[in-house]
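S.K.: Structure in structure tokens, see below.
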Amino acid sequence: MYFVTGGAGYIGSHCALELLKQGYEVTVFDNLSTGHTETCNILKSFGGSRFNFIKGDLLKPDDINNALKAKPEAIIHFAAFSQVGESVKEPAKYYENNVIGSLNLLNAMKKNEVRKIVFSSTAAIYGEPIEVPISETHPKNPINTYGKTKLMIENIMDDFDLAYGIKSVRLRYFNVAGADSNSLIGEWHNPETHLIPNILKSTFGKDFQLKIFGTDYNTKDGTCVRDYINIEDLVSAHILALNYLENGGETNFFNLGTKEGSSVTEVLNTCREVTEKNIEAEYTERRAGDPACLIADNSKAKKILNWTPKKTLKDSIKTAYNWEKKLQTII
């Protein structure tokens with residue numbers, strides 16, 4: 001049985017779904033502060049008796065201690081607050097939830113002799129890029145509280161490996177996009193802060209003004225360039241990371257991206273192509289702290305995990321659009 005914290009959220013739910021598709025038993029542990037009961041119901045409908053949901057909070061040690069008495073084979077840890085802007089405005093909230101919650105989880109693992117964990121980390125731990133594409137050896141100098149919390153957790157995991165033998169794989173995501181290919185689940189944030197779903201939401205005519213921040217970056221068309229990794233490709237890396245640990249792999253860390261960059265304007269134009277709509281956008285000033293270009297060097301994950309992303313930006317936008325159409329009937 002695999003134990004997924006934050007499994008009612010965007011990435012966690014897709015990982016839980018893929019594990020169920022592969023025949024595994026899955027327990028989702030989530031406090032539903034940002035995740036959705038509806039998502040868990042869909043997972044339950046798909047997985048039947050192989051799916052179990054526990055409503056619990058990592059800030060309550062008894063919750064996670066009791067949950068781990070079942071001694072799962074491994075944990076995949078997604079539970080975290082993840083809005084960069086909010087993290088700067090409310091750092092206490094992020095240090096408490098992300099860092100203390102993760103420490104409680106690791107302590108519960110130690111107590112219950114669970115020795116393997118795959119951790120949802122982020123490219124935000126690198127900060128402003130010195131070189132592009134960004135490799136795992138790039139200096140780690142996060143410029144926002146969200147990135148700082150993830151780096152702290154990675155450092156704690158190193159110490160727990162050294163002292164207690166808890167092995168971890170930290171997966172450092174770039175920009176995640178797309179939805180389940182069959183539209184069972186998808187991206188569902190409130191508020192939504194990510195570019196692609198916001199572009200797509202603007203097509204449904206609900207007084208939503210799409211804004212693009214900055215047109216004077218030193219990039220191919222003046223707008224920011226990001227590395228968009230498809231959600232299903234991302235999830236496949238988590239399964240490979242589990243296999244890596246089960247086969248005796250040591251604590252490690254990997255960038256997850258495509259090694260290709262797409263500008264905001266290119267993303268907008270691809271959304272126009274997929275939706276066949278003339279999507280309007282307001283171009284405005286830069287946001288503070290937005291680097292011009294973030295692209296992953298994914299060669300380490302390819303070599304050690306044998307992972308290769310397969311889906312294109314257009315693939316991700318197609319599934320995201322199908323999901324957004326379905327979501328309009330849910331919300």
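Scheme for the structure tokens: letters A, B, ... for chains in order shown; per-chain residue numbers from 1; ligand numbers from 1 in order shown.
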Neighbours of Tyr244 of chain A within 12 Å (only C-alpha atoms; same-chain residues fewer than 4 positions away dropped), as number ranges by chain?
M.R.: A: 74, 116-118, 167-169, 237-240, 248-253, 301, 304-307
S.K.: Write a file of the just-selected residues containing C-alpha atoms, as a PDB file, in the first residue's frame.
M.R.:
ATOM      1  CA  ALA A  74       6.321   4.075   0.977  1.00  0.00           C
ATOM      2  CA  LYS A 116      10.936   5.386   2.082  1.00  0.00           C
ATOM      3  CA  ILE A 117       9.482   8.703   0.912  1.00  0.00           C
ATOM      4  CA  VAL A 118       9.156  10.525  -2.416  1.00  0.00           C
ATOM      5  CA  LYS A 167      15.557   7.215   2.279  1.00  0.00           C
ATOM      6  CA  SER A 168      14.054   9.999   0.191  1.00  0.00           C
ATOM      7  CA  VAL A 169      13.781  11.025  -3.425  1.00  0.00           C
ATOM      8  CA  ALA A 237       8.572   9.988 -12.576  1.00  0.00           C
ATOM      9  CA  HIS A 238       7.059   9.440  -9.122  1.00  0.00           C
ATOM     10  CA  ILE A 239       6.353   5.796  -9.937  1.00  0.00           C
ATOM     11  CA  LEU A 240       9.920   5.376 -11.173  1.00  0.00           C
ATOM     12  CA  GLY A 248      17.717  -0.109  -2.803  1.00  0.00           C
ATOM     13  CA  GLY A 249      18.338   3.363  -4.198  1.00  0.00           C
ATOM     14  CA  GLU A 250      19.996   5.911  -1.949  1.00  0.00           C
ATOM     15  CA  THR A 251      18.570   9.319  -1.073  1.00  0.00           C
ATOM     16  CA  ASN A 252      18.650  11.464  -4.209  1.00  0.00           C
ATOM     17  CA  PHE A 253      17.108  14.439  -6.008  1.00  0.00           C
ATOM     18  CA  ALA A 301      16.389  11.837 -14.124  1.00  0.00           C
ATOM     19  CA  ILE A 304      19.173   7.278 -13.162  1.00  0.00           C
ATOM     20  CA  LEU A 305      15.375   6.918 -13.146  1.00  0.00           C
ATOM     21  CA  ASN A 306      15.149   6.039 -16.851  1.00  0.00           C
ATOM     22  CA  TRP A 307      12.482   8.738 -17.159  1.00  0.00           C
TER      23      TRP A 307
END
S.K.: Any idea what's packed within 7 Å of Met1 of chain A, counting only C-alpha atoms, ignoring anything in its chain fewer than 5 positions away? Could you give it as number ranges by chain?
M.R.: A: 24-26, 72-73
S.K.: Residues of segment 38-169 of chain A in alpha helix (DSSP H) according to DSSP, as JSON, numbers by chain?
M.R.: {"A": [38, 39, 40, 41, 42, 43, 44, 45, 46, 47, 61, 62, 63, 64, 65, 66, 67, 84, 85, 86, 87, 88, 89, 91, 92, 93, 94, 101, 102, 103, 104, 105, 106, 107, 108, 109, 110, 111, 112, 145, 146, 147, 148, 149, 150, 151, 152, 153, 154, 155, 156, 157, 158, 159, 160, 161, 162, 163, 164]}
S.K.: Please provide the set of residues having any atom within 8 Å of Val132 of chain A, restricted to only C-alpha atoms, with same-chain residues fewer than 2 positions apart removed, written as a list in words.
M.R.: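 Near neighbours after the sequence-gap exclusion: Pro129, Ile130, Ile134, Cys293, Leu294, Ile295, Ala296 and Asp297 of chain A.
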S.K.: Within segment 119-302 of chain A, find each residue whose DSSP state, derived from the backbone, is strand (DSSP E or B), and express the selection as an NGL selection string.
M.R.: :A and (119-122 or 134 or 167-173 or 175-177 or 211-213 or 225-226 or 228-230 or 252-256 or 262-263 or 282-284 or 293-294 or 296)
S.K.: Of the residues A:Val28, A:Lys71, A:Leu234, A:Ala80, which is the one nearest to Gly56 of chain A, using only C-alpha atoms?
M.R.: A:Val28
S.K.: Would you work out the distance separating atom CA of Ile229 of chain A from atom CA of Ala241 of chain A, expressed in Å to one decimal?
M.R.: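 Between atom CA of Ile229 of chain A and atom CA of Ala241 of chain A the gap works out to 16.6 Å.
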